[in-house]
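Structure data (PDB, C-alpha atoms) from entry_39.pdb:
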```pdb
ATOM      1  CA  MET W   3     -22.054  65.613 -61.128
ATOM      2  CA  GLU W   4     -24.249  62.545 -60.778
ATOM      3  CA  LEU W   5     -25.467  61.997 -57.223
ATOM      4  CA  SER W   6     -24.928  58.248 -57.596
ATOM      5  CA  ASP W   7     -21.268  58.871 -58.492
ATOM      6  CA  LEU W   8     -20.811  61.007 -55.392
ATOM      7  CA  GLN W   9     -22.485  58.392 -53.206
ATOM      8  CA  THR W  10     -20.220  55.700 -54.636
ATOM      9  CA  PHE W  11     -17.168  57.908 -54.081
ATOM     10  CA  ALA W  12     -18.137  58.516 -50.440
ATOM     11  CA  THR W  13     -18.659  54.791 -49.843
ATOM     12  CA  VAL W  14     -15.244  53.908 -51.284
ATOM     13  CA  ALA W  15     -13.672  56.605 -49.124
ATOM     14  CA  ARG W  16     -15.320  55.240 -45.987
ATOM     15  CA  THR W  17     -14.668  51.553 -46.661
ATOM     16  CA  GLY W  18     -11.177  52.017 -48.096
ATOM     17  CA  GLY W  19     -11.561  49.873 -51.200
ATOM     18  CA  ILE W  20     -13.577  48.911 -54.267
ATOM     19  CA  THR W  21     -14.452  45.412 -53.057
ATOM     20  CA  ARG W  22     -15.874  46.493 -49.708
ATOM     21  CA  ALA W  23     -17.728  49.400 -51.304
ATOM     22  CA  ALA W  24     -19.289  47.091 -53.901
ATOM     23  CA  GLU W  25     -20.478  44.735 -51.162
ATOM     24  CA  GLU W  26     -22.049  47.573 -49.201
ATOM     25  CA  LEU W  27     -23.685  49.073 -52.292
ATOM     26  CA  ASN W  28     -24.861  45.633 -53.437
ATOM     27  CA  THR W  29     -23.307  45.985 -56.871
ATOM     28  CA  VAL W  30     -20.361  44.628 -58.853
ATOM     29  CA  GLN W  31     -16.819  45.943 -58.487
ATOM     30  CA  SER W  32     -16.633  47.067 -62.117
ATOM     31  CA  ASN W  33     -19.608  49.383 -61.590
ATOM     32  CA  VAL W  34     -17.932  51.005 -58.575
ATOM     33  CA  THR W  35     -14.670  51.422 -60.497
ATOM     34  CA  GLN W  36     -16.482  52.943 -63.467
ATOM     35  CA  ARG W  37     -18.332  55.486 -61.335
ATOM     36  CA  VAL W  38     -15.185  56.555 -59.514
ATOM     37  CA  LYS W  39     -13.278  56.961 -62.791
ATOM     38  CA  ALA W  40     -16.176  58.917 -64.300
ATOM     39  CA  LEU W  41     -16.163  61.310 -61.360
ATOM     40  CA  GLU W  42     -12.383  61.730 -61.555
ATOM     41  CA  ALA W  43     -12.648  62.431 -65.290
ATOM     42  CA  GLU W  44     -15.365  65.029 -64.758
ATOM     43  CA  ILE W  45     -13.408  66.808 -62.018
ATOM     44  CA  GLY W  46     -10.128  66.445 -63.866
ATOM     45  CA  THR W  47      -7.992  65.057 -61.080
ATOM     46  CA  ALA W  48      -7.413  61.828 -59.140
ATOM     47  CA  LEU W  49      -9.509  61.405 -56.012
ATOM     48  CA  PHE W  50      -7.814  58.262 -54.712
ATOM     49  CA  GLU W  51      -4.315  56.884 -54.401
ATOM     50  CA  ARG W  52      -4.331  53.166 -55.287
ATOM     51  CA  HIS W  53      -1.985  50.841 -53.383
ATOM     52  CA  SER W  54      -1.759  47.223 -52.242
ATOM     53  CA  ARG W  55      -3.675  47.893 -49.023
ATOM     54  CA  GLY W  56      -6.605  49.533 -50.765
ATOM     55  CA  MET W  57      -7.393  53.150 -51.622
ATOM     56  CA  THR W  58      -6.788  56.383 -49.744
ATOM     57  CA  LEU W  59      -7.996  59.869 -50.546
ATOM     58  CA  THR W  60      -5.826  62.377 -52.346
ATOM     59  CA  GLY W  61      -5.925  66.021 -51.322
ATOM     60  CA  ALA W  62      -8.674  66.630 -53.884
ATOM     61  CA  GLY W  63     -10.616  63.650 -52.565
ATOM     62  CA  LYS W  64     -10.409  64.922 -48.992
ATOM     63  CA  ARG W  65     -11.756  68.296 -50.090
ATOM     64  CA  LEU W  66     -14.614  66.732 -52.057
ATOM     65  CA  LEU W  67     -15.680  64.213 -49.401
ATOM     66  CA  PRO W  68     -17.635  66.521 -47.033
ATOM     67  CA  TYR W  69     -19.613  67.904 -49.993
ATOM     68  CA  ALA W  70     -20.418  64.379 -51.203
ATOM     69  CA  GLN W  71     -21.530  63.380 -47.708
ATOM     70  CA  ARG W  72     -23.789  66.416 -47.348
ATOM     71  CA  MET W  73     -25.351  65.883 -50.777
ATOM     72  CA  ALA W  74     -26.031  62.228 -49.979
ATOM     73  CA  ALA W  75     -27.563  63.188 -46.637
ATOM     74  CA  LEU W  76     -29.712  65.874 -48.288
ATOM     75  CA  SER W  77     -30.898  63.361 -50.886
ATOM     76  CA  ARG W  78     -31.956  60.890 -48.178
ATOM     77  CA  GLU W  79     -33.606  63.673 -46.206
ATOM     78  CA  ALA W  80     -35.571  64.892 -49.233
ATOM     79  CA  ALA W  81     -36.890  61.401 -49.962
ATOM     80  CA  LEU W  82     -37.905  60.894 -46.341
ATOM     81  CA  ALA W  83     -39.606  64.286 -46.187
ATOM     82  CA  ALA W  84     -41.651  63.501 -49.286
ATOM     83  CA  ARG W  85     -42.838  60.167 -47.875
ATOM     84  CA  ASP W  86     -43.305  61.294 -44.283
ATOM     85  CA  ASP W  87     -46.981  61.798 -43.389
ATOM     86  CA  GLY W  88     -46.437  62.372 -39.654
ATOM     87  CA  GLU W  89     -46.965  58.791 -38.402
ATOM     88  CA  PRO W  90     -43.601  57.533 -37.037
ATOM     89  CA  LYS W  91     -42.232  55.004 -39.510
ATOM     90  CA  GLY W  92     -39.274  54.328 -41.754
ATOM     91  CA  PRO W  93     -35.567  54.191 -40.910
ATOM     92  CA  LEU W  94     -34.000  55.816 -37.866
ATOM     93  CA  VAL W  95     -30.241  55.556 -37.274
ATOM     94  CA  ILE W  96     -29.150  56.469 -33.744
ATOM     95  CA  GLY W  97     -25.578  56.636 -32.455
ATOM     96  CA  SER W  98     -24.352  56.129 -28.919
ATOM     97  CA  MET W  99     -21.283  55.765 -26.780
ATOM     98  CA  GLU W 100     -20.799  52.082 -25.999
ATOM     99  CA  THR W 101     -21.216  52.587 -22.250
ATOM    100  CA  THR W 102     -24.556  54.346 -22.735
ATOM    101  CA  ALA W 103     -25.751  51.701 -25.176
ATOM    102  CA  ALA W 104     -24.873  48.920 -22.744
ATOM    103  CA  VAL W 105     -26.682  50.233 -19.667
ATOM    104  CA  ARG W 106     -28.946  53.205 -20.325
ATOM    105  CA  LEU W 107     -30.528  52.601 -23.715
ATOM    106  CA  PRO W 108     -32.157  49.126 -23.554
ATOM    107  CA  PRO W 109     -35.270  50.299 -21.598
ATOM    108  CA  LEU W 110     -35.638  53.385 -23.796
ATOM    109  CA  LEU W 111     -35.232  51.456 -27.053
ATOM    110  CA  ALA W 112     -37.658  48.763 -25.912
ATOM    111  CA  ASP W 113     -40.277  51.386 -25.027
ATOM    112  CA  PHE W 114     -39.758  53.164 -28.354
ATOM    113  CA  HIS W 115     -40.132  49.897 -30.302
ATOM    114  CA  ARG W 116     -43.372  49.051 -28.500
ATOM    115  CA  ARG W 117     -44.827  52.486 -29.228
ATOM    116  CA  PHE W 118     -43.631  52.777 -32.829
ATOM    117  CA  PRO W 119     -43.133  49.291 -34.323
ATOM    118  CA  ALA W 120     -43.162  50.686 -37.896
ATOM    119  CA  VAL W 121     -39.825  52.466 -37.317
ATOM    120  CA  ARG W 122     -36.753  50.508 -38.475
ATOM    121  CA  LEU W 123     -34.293  51.433 -35.747
ATOM    122  CA  SER W 124     -30.522  50.969 -36.092
ATOM    123  CA  LEU W 125     -27.972  51.635 -33.340
ATOM    124  CA  ARG W 126     -24.279  52.360 -33.944
ATOM    125  CA  THR W 127     -21.629  52.879 -31.255
ATOM    126  CA  ALA W 128     -18.588  55.166 -31.451
ATOM    127  CA  PRO W 129     -16.695  57.789 -29.397
ATOM    128  CA  THR W 130     -18.303  61.176 -28.841
ATOM    129  CA  ALA W 131     -16.193  63.043 -31.412
ATOM    130  CA  ASP W 132     -17.064  60.561 -34.168
ATOM    131  CA  LEU W 133     -20.754  60.626 -33.245
ATOM    132  CA  VAL W 134     -20.955  64.420 -33.357
ATOM    133  CA  ALA W 135     -19.315  64.444 -36.789
ATOM    134  CA  ALA W 136     -21.688  61.739 -38.055
ATOM    135  CA  VAL W 137     -24.762  63.683 -36.914
ATOM    136  CA  LEU W 138     -23.495  66.864 -38.565
ATOM    137  CA  ASP W 139     -22.757  64.948 -41.791
ATOM    138  CA  GLY W 140     -26.212  63.367 -41.805
ATOM    139  CA  ALA W 141     -24.916  59.800 -41.406
ATOM    140  CA  LEU W 142     -26.796  59.582 -38.089
ATOM    141  CA  ASP W 143     -30.231  61.004 -37.292
ATOM    142  CA  GLY W 144     -29.186  61.609 -33.688
ATOM    143  CA  ALA W 145     -26.741  60.413 -31.060
ATOM    144  CA  PHE W 146     -26.121  60.075 -27.333
ATOM    145  CA  VAL W 147     -22.806  61.753 -26.524
ATOM    146  CA  ALA W 148     -20.943  63.099 -23.518
ATOM    147  CA  GLY W 149     -21.733  66.712 -22.791
ATOM    148  CA  PRO W 150     -21.390  69.568 -22.801
ATOM    149  CA  ILE W 151     -21.946  70.086 -26.530
ATOM    150  CA  ALA W 152     -22.293  73.573 -27.996
ATOM    151  CA  HIS W 153     -22.797  73.796 -31.756
ATOM    152  CA  ALA W 154     -25.013  76.169 -33.714
ATOM    153  CA  ASP W 155     -26.239  73.368 -36.012
ATOM    154  CA  LEU W 156     -27.236  70.957 -33.232
ATOM    155  CA  ILE W 157     -30.193  70.667 -30.872
ATOM    156  CA  VAL W 158     -29.025  69.306 -27.508
ATOM    157  CA  THR W 159     -31.303  67.549 -24.998
ATOM    158  CA  SER W 160     -30.233  66.371 -21.550
ATOM    159  CA  ALA W 161     -30.627  62.591 -21.252
ATOM    160  CA  PHE W 162     -28.649  60.935 -18.424
ATOM    161  CA  ARG W 163     -26.432  62.032 -15.554
ATOM    162  CA  GLU W 164     -23.481  59.808 -14.770
ATOM    163  CA  GLU W 165     -20.860  59.480 -12.034
ATOM    164  CA  LEU W 166     -17.469  58.522 -13.455
ATOM    165  CA  VAL W 167     -15.264  56.306 -11.298
ATOM    166  CA  LEU W 168     -11.704  55.028 -11.570
ATOM    167  CA  VAL W 169     -11.686  51.237 -11.907
ATOM    168  CA  SER W 170      -8.746  49.024 -10.911
ATOM    169  CA  ALA W 171      -8.035  45.365 -10.183
ATOM    170  CA  ARG W 172      -9.418  43.972  -6.937
ATOM    171  CA  ARG W 173      -6.052  43.984  -5.154
ATOM    172  CA  TRP W 174      -5.934  47.783  -5.097
ATOM    173  CA  ALA W 175      -8.302  48.542  -2.213
ATOM    174  CA  SER W 176      -7.777  52.310  -2.306
ATOM    175  CA  LEU W 177      -6.365  55.060  -4.473
ATOM    176  CA  ALA W 178      -3.556  55.521  -1.933
ATOM    177  CA  GLU W 179      -2.515  51.863  -2.358
ATOM    178  CA  LEU W 180      -2.736  52.153  -6.137
ATOM    179  CA  ARG W 181      -0.543  55.247  -6.186
ATOM    180  CA  ALA W 182       1.981  53.685  -3.800
ATOM    181  CA  GLY W 183       2.115  50.324  -5.541
ATOM    182  CA  THR W 184       2.588  51.387  -9.170
ATOM    183  CA  PRO W 185       5.653  52.798 -10.962
ATOM    184  CA  GLU W 186       6.371  56.501 -10.780
ATOM    185  CA  SER W 187       4.874  56.906 -14.260
ATOM    186  CA  GLY W 188       1.632  55.399 -12.995
ATOM    187  CA  PRO W 189      -0.465  52.408 -14.125
ATOM    188  CA  THR W 190      -1.363  51.763 -17.754
ATOM    189  CA  ALA W 191      -4.426  53.732 -18.846
ATOM    190  CA  LEU W 192      -6.947  51.446 -20.555
ATOM    191  CA  VAL W 193      -8.893  53.658 -22.957
ATOM    192  CA  PHE W 194     -11.181  53.711 -25.956
ATOM    193  CA  ARG W 195      -9.818  55.302 -29.119
ATOM    194  CA  THR W 196      -9.150  59.012 -29.540
ATOM    195  CA  GLY W 197     -12.355  61.040 -29.496
ATOM    196  CA  CYS W 198     -13.743  59.376 -26.363
ATOM    197  CA  THR W 199     -14.663  61.905 -23.678
ATOM    198  CA  TYR W 200     -13.999  59.390 -20.903
ATOM    199  CA  ARG W 201     -10.463  58.950 -22.235
ATOM    200  CA  GLN W 202      -9.935  62.707 -22.028
ATOM    201  CA  ARG W 203     -11.234  62.737 -18.448
ATOM    202  CA  LEU W 204      -8.928  59.848 -17.462
ATOM    203  CA  GLU W 205      -5.943  61.686 -18.936
ATOM    204  CA  GLN W 206      -6.892  64.730 -16.846
ATOM    205  CA  VAL W 207      -7.061  62.543 -13.726
ATOM    206  CA  PHE W 208      -3.641  61.070 -14.522
ATOM    207  CA  VAL W 209      -2.149  64.549 -14.869
ATOM    208  CA  GLU W 210      -3.589  65.524 -11.482
ATOM    209  CA  PHE W 211      -2.144  62.350  -9.945
ATOM    210  CA  GLY W 212       1.275  63.109 -11.438
ATOM    211  CA  TRP W 213       1.133  60.440 -14.176
ATOM    212  CA  PRO W 214       1.121  62.449 -17.441
ATOM    213  CA  SER W 215       3.526  59.995 -19.117
ATOM    214  CA  ALA W 216       1.626  56.812 -18.231
ATOM    215  CA  ALA W 217       1.271  54.256 -21.024
ATOM    216  CA  ARG W 218      -2.020  54.084 -22.966
ATOM    217  CA  PHE W 219      -3.584  50.880 -24.234
ATOM    218  CA  GLU W 220      -6.595  51.174 -26.549
ATOM    219  CA  LEU W 221      -9.444  48.674 -26.448
ATOM    220  CA  GLY W 222     -12.526  48.462 -28.629
ATOM    221  CA  THR W 223     -15.167  46.895 -26.372
ATOM    222  CA  LEU W 224     -16.579  47.537 -22.926
ATOM    223  CA  ASP W 225     -16.305  43.883 -21.846
ATOM    224  CA  GLY W 226     -12.695  43.778 -23.014
ATOM    225  CA  MET W 227     -11.964  46.947 -21.058
ATOM    226  CA  ILE W 228     -13.356  45.637 -17.765
ATOM    227  CA  GLY W 229     -11.776  42.207 -18.318
ATOM    228  CA  CYS W 230      -8.322  43.756 -18.730
ATOM    229  CA  VAL W 231      -8.838  45.841 -15.590
ATOM    230  CA  ALA W 232      -9.795  42.691 -13.659
ATOM    231  CA  ALA W 233      -6.607  41.027 -14.937
ATOM    232  CA  ASP W 234      -4.612  43.959 -13.478
ATOM    233  CA  MET W 235      -3.406  45.171 -16.852
ATOM    234  CA  GLY W 236      -4.225  48.772 -15.946
ATOM    235  CA  VAL W 237      -6.993  51.121 -14.834
ATOM    236  CA  THR W 238      -9.811  52.880 -16.622
ATOM    237  CA  LEU W 239     -12.544  55.478 -16.141
ATOM    238  CA  LEU W 240     -16.174  54.453 -16.635
ATOM    239  CA  PRO W 241     -19.670  55.375 -15.400
ATOM    240  CA  ARG W 242     -20.428  53.780 -12.024
ATOM    241  CA  ALA W 243     -23.698  52.326 -13.352
ATOM    242  CA  VAL W 244     -21.788  50.428 -16.061
ATOM    243  CA  VAL W 245     -19.220  48.989 -13.658
ATOM    244  CA  GLU W 246     -21.695  47.973 -10.975
ATOM    245  CA  ARG W 247     -23.776  46.007 -13.484
ATOM    246  CA  SER W 248     -20.773  44.194 -14.931
ATOM    247  CA  ALA W 249     -20.526  40.436 -14.443
ATOM    248  CA  MET W 250     -16.895  41.023 -13.389
ATOM    249  CA  ASN W 251     -17.828  43.443 -10.607
ATOM    250  CA  GLY W 252     -16.408  41.065  -7.978
ATOM    251  CA  SER W 253     -12.952  41.161  -9.586
ATOM    252  CA  ILE W 254     -12.499  44.939  -9.634
ATOM    253  CA  THR W 255     -12.397  47.890  -7.263
ATOM    254  CA  ILE W 256     -14.337  51.109  -7.775
ATOM    255  CA  HIS W 257     -12.623  54.324  -6.669
ATOM    256  CA  ALA W 258     -14.705  57.484  -6.231
ATOM    257  CA  LEU W 259     -13.326  60.734  -7.654
ATOM    258  CA  SER W 260     -13.814  64.413  -6.916
ATOM    259  CA  PRO W 261     -16.988  65.955  -8.365
ATOM    260  CA  ALA W 262     -14.917  67.901 -10.891
ATOM    261  CA  HIS W 263     -13.778  64.638 -12.494
ATOM    262  CA  ALA W 264     -16.787  62.461 -11.672
ATOM    263  CA  ARG W 265     -19.755  64.444 -12.951
ATOM    264  CA  VAL W 266     -20.722  64.055 -16.591
ATOM    265  CA  GLU W 267     -23.971  64.459 -18.487
ATOM    266  CA  THR W 268     -24.982  62.380 -21.478
ATOM    267  CA  VAL W 269     -26.972  64.404 -24.013
ATOM    268  CA  PHE W 270     -28.947  63.549 -27.129
ATOM    269  CA  ILE W 271     -28.077  65.599 -30.197
ATOM    270  CA  HIS W 272     -29.642  66.005 -33.632
ATOM    271  CA  ARG W 273     -29.390  68.556 -36.394
ATOM    272  CA  SER W 274     -31.360  71.774 -36.061
ATOM    273  CA  ALA W 275     -31.632  72.368 -39.818
ATOM    274  CA  GLY W 276     -33.681  70.427 -42.351
ATOM    275  CA  HIS W 277     -36.686  68.172 -42.051
ATOM    276  CA  GLN W 278     -37.109  66.268 -38.793
ATOM    277  CA  THR W 279     -38.593  62.907 -39.688
ATOM    278  CA  SER W 280     -41.589  61.489 -37.888
ATOM    279  CA  ALA W 281     -39.364  58.665 -36.620
ATOM    280  CA  LEU W 282     -36.930  61.124 -35.026
ATOM    281  CA  SER W 283     -39.799  63.186 -33.599
ATOM    282  CA  GLY W 284     -41.260  60.024 -32.059
ATOM    283  CA  PHE W 285     -37.889  59.115 -30.571
ATOM    284  CA  ALA W 286     -37.447  62.598 -29.095
ATOM    285  CA  ASP W 287     -40.936  62.404 -27.563
ATOM    286  CA  CYS W 288     -40.132  58.995 -26.101
ATOM    287  CA  LEU W 289     -36.907  60.312 -24.587
ATOM    288  CA  LYS W 290     -38.733  63.317 -23.111
ATOM    289  CA  LYS W 291     -41.448  61.070 -21.616
ATOM    290  CA  ASP W 292     -38.893  58.821 -19.932
ATOM    291  CA  HIS W 293     -36.445  61.581 -18.995
ATOM    292  CA  ASP W 294     -37.348  61.840 -15.295
ATOM    293  CA  VAL W 295     -36.887  58.085 -14.853
ATOM    294  CA  ILE W 296     -33.683  57.524 -16.779
ATOM    295  CA  ALA W 297     -31.892  60.694 -15.711
ATOM    296  CA  ALA W 298     -32.352  60.011 -12.012
TER     297      ALA W 298
END
```

This structure in structure tokens:
Amino acid sequence: MELSDLQTFATVARTGGITRAAEELNTVQSNVTQRVKALEAEIGTALFERHSRGMTLTGAGKRLLPYAQRMAALSREAALAARDDGEPKGPLVIGSMETTAAVRLPPLLADFHRRFPAVRLSLRTAPTADLVAAVLDGALDGAFVAGPIAHADLIVTSAFREELVLVSARRWASLAELRAGTPESGPTALVFRTGCTYRQRLEQVFVEFGWPSAARFELGTLDGMIGCVAADMGVTLLPRAVVERSAMNGSITIHALSPAHARVETVFIHRSAGHQTSALSGFADCLKKDHDVIAA
């Protein structure tokens, strides 16, 4: 199999169509189509189902995808290892939960950029489950996720300690008032998409409060989440540091929770196998240097 065919296949699978894949790969659609068909011919089975909304993986495509992703990651890693002379430089793709990116990372990223200006740093946000998968697949060099994380293929470093709080509209002055003033099923839970650790914690809190059947409403941004809470659409669970720094802090109420629900540690993960680039080594050193300040 040609590596370029596998890389094209993986891009089509991720983007869901020929047009978007061609744009990302900076090539023409006919080239993408040709490579996908060539791979299907070599394997002897269809890898995609074509329909009006785009392309979705067949069973064979789903089985092939993780191998294609690992081969693409290994190819990138090999090229970086060959060019890496120890001085931090080149690309570095870091993932993070949106809450961590909004409050905790700016000082760290600014310090890293000052120390290593030759590194081309990219930051992507996603829920913890997606970030862990992306690090394991090699799509991310490392990521800040909610702990604890235990995986034989990952190195885990403590980064930040957070206190999670329940956040409601301003009119609910206490948890007792919130529980008394909402339907028996409880308020609407405002959450990030499945895979978010904070969502899982909020669902645990709702079960403890007797609201296991409460409605869920998914939002994609931190500002949107806090704005909907302020508008009394529902409640959410977020780190206290995020809520207190929000411009809408005056329109919401922060409710403290028991330590069992409130305590959470953000950790930095990266793969234990393979070559660790100079850029990633520099980032890890920067995180270690600043750890006592940012974890306090």

Quick one: of W:Arg265, W:His272, W:Arg201, W:Arg16, who's nearest to Leu156 of chain W, counting only C-alpha atoms?
W:His272

Which residues of segment 139-172 of chain W come within 9 Å of segment 99-113 of chain W, and for each one, what is the closest pair of atoms and their distance in Å to one decimal, counting all atoms listed in the file, sorted by chain and residue number, as CSV?
```
residue,atom,partner,partner_atom,distance
W:Ala145,CA,W:Met99,CA,8.3
W:Phe146,CA,W:Met99,CA,6.5
W:Val147,CA,W:Met99,CA,6.2
W:Ala148,CA,W:Met99,CA,8.0
W:Phe162,CA,W:Arg106,CA,8.0
```

Selection above as a file: C-alpha atoms, as a compact mmCIF listing (two decimals), in the frame of the given file:
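Writing done, so here's again-v4.txt:
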```
# COMPACT_ATOMS: atom_id res chain seq x y z
CA ALA W 145 -26.74 60.41 -31.06
CA PHE W 146 -26.12 60.08 -27.33
CA VAL W 147 -22.81 61.75 -26.52
CA ALA W 148 -20.94 63.10 -23.52
CA PHE W 162 -28.65 60.94 -18.42
```

From (-21.3, 63.0, -50.5), in the file's coordinates, out to 12 Å: which residues are reached, counting only C-alpha atoms? Answer as an mmCIF file with C-alpha atoms, in the frame of the given file.
```
data_model
loop_
_atom_site.group_PDB
_atom_site.id
_atom_site.type_symbol
_atom_site.label_atom_id
_atom_site.label_comp_id
_atom_site.auth_asym_id
_atom_site.auth_seq_id
_atom_site.Cartn_x
_atom_site.Cartn_y
_atom_site.Cartn_z
ATOM 1 C CA MET W 3 -22.054 65.613 -61.128
ATOM 2 C CA GLU W 4 -24.249 62.545 -60.778
ATOM 3 C CA LEU W 5 -25.467 61.997 -57.223
ATOM 4 C CA SER W 6 -24.928 58.248 -57.596
ATOM 5 C CA ASP W 7 -21.268 58.871 -58.492
ATOM 6 C CA LEU W 8 -20.811 61.007 -55.392
ATOM 7 C CA GLN W 9 -22.485 58.392 -53.206
ATOM 8 C CA THR W 10 -20.220 55.700 -54.636
ATOM 9 C CA PHE W 11 -17.168 57.908 -54.081
ATOM 10 C CA ALA W 12 -18.137 58.516 -50.440
ATOM 11 C CA THR W 13 -18.659 54.791 -49.843
ATOM 12 C CA VAL W 14 -15.244 53.908 -51.284
ATOM 13 C CA ALA W 15 -13.672 56.605 -49.124
ATOM 14 C CA ARG W 16 -15.320 55.240 -45.987
ATOM 15 C CA GLY W 63 -10.616 63.650 -52.565
ATOM 16 C CA LYS W 64 -10.409 64.922 -48.992
ATOM 17 C CA ARG W 65 -11.756 68.296 -50.090
ATOM 18 C CA LEU W 66 -14.614 66.732 -52.057
ATOM 19 C CA LEU W 67 -15.680 64.213 -49.401
ATOM 20 C CA PRO W 68 -17.635 66.521 -47.033
ATOM 21 C CA TYR W 69 -19.613 67.904 -49.993
ATOM 22 C CA ALA W 70 -20.418 64.379 -51.203
ATOM 23 C CA GLN W 71 -21.530 63.380 -47.708
ATOM 24 C CA ARG W 72 -23.789 66.416 -47.348
ATOM 25 C CA MET W 73 -25.351 65.883 -50.777
ATOM 26 C CA ALA W 74 -26.031 62.228 -49.979
ATOM 27 C CA ALA W 75 -27.563 63.188 -46.637
ATOM 28 C CA LEU W 76 -29.712 65.874 -48.288
ATOM 29 C CA SER W 77 -30.898 63.361 -50.886
ATOM 30 C CA ARG W 78 -31.956 60.890 -48.178
ATOM 31 C CA ASP W 139 -22.757 64.948 -41.791
ATOM 32 C CA GLY W 140 -26.212 63.367 -41.805
ATOM 33 C CA ALA W 141 -24.916 59.800 -41.406
#
```

If we count all atoms listed in the file, what is near Arg52 of chain W at a cut-off of 12 Å, once residues fewer than 6 positions away on the same chain are taken out, given as number ranges by chain?
W: 14-15, 18-20, 35, 58-60

Just give me the gap between atom CA of Leu138 of chain W and atom CA of Leu125 of chain W in Å, one decimal is fine.
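Atom CA of Leu125 of chain W lies 16.7 Å from atom CA of Leu138 of chain W.
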
Point out the residue among W:Glu186, W:Glu179, W:Glu165, W:Glu267 with the least atom-to-atom distance to Pro241 of chain W, counting only C-alpha atoms.
W:Glu165

Residues within 12 Å of (0.5, 62.7, -12.0), file coords, all atoms listed in the file, listed as number ranges by chain:
W: 181, 184-189, 204-216

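Minimum distance to Asp155 of chain W across W:Val245, W:Val193, W:Ile271, W:Val30 (counting only C-alpha atoms) occurs at W:Ile271.
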
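Of the listed residues (W:Gly226, W:Gly236, W:Pro129, W:Pro261), W:Gly236 comes nearest to Arg173 of chain W; the distances count all atoms listed in the file.
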
Between atom CA of Thr159 of chain W and atom CA of Met227 of chain W - distance in Å to one decimal
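Computing the Euclidean distance for atom CA of Met227 of chain W and atom CA of Thr159 of chain W yields 28.5 Å.
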
One decimal, in Å: what's the spacing between atom CA of Thr223 of chain W and atom CA of Ala262 of chain W?
26.1 Å

Between W:Ala281, W:Met235, W:Cys230, W:Leu177, which one has atoms that come closest to Ile256 of chain W, using all atoms listed in the file?
W:Leu177

Report the residues retrieved by the PyMOL selection byres ((chain W and resi 252) around 12) from the displayed file, expressed as a PyMOL selection string.
chain W and resi 169-173+228-229+231-232+245-251+253-256

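The smallest atom-to-atom distance between Phe194 of chain W and any of W:Ala178, W:Thr238, W:Gly46, W:Ala233, using all atoms listed in the file, is found for W:Thr238.
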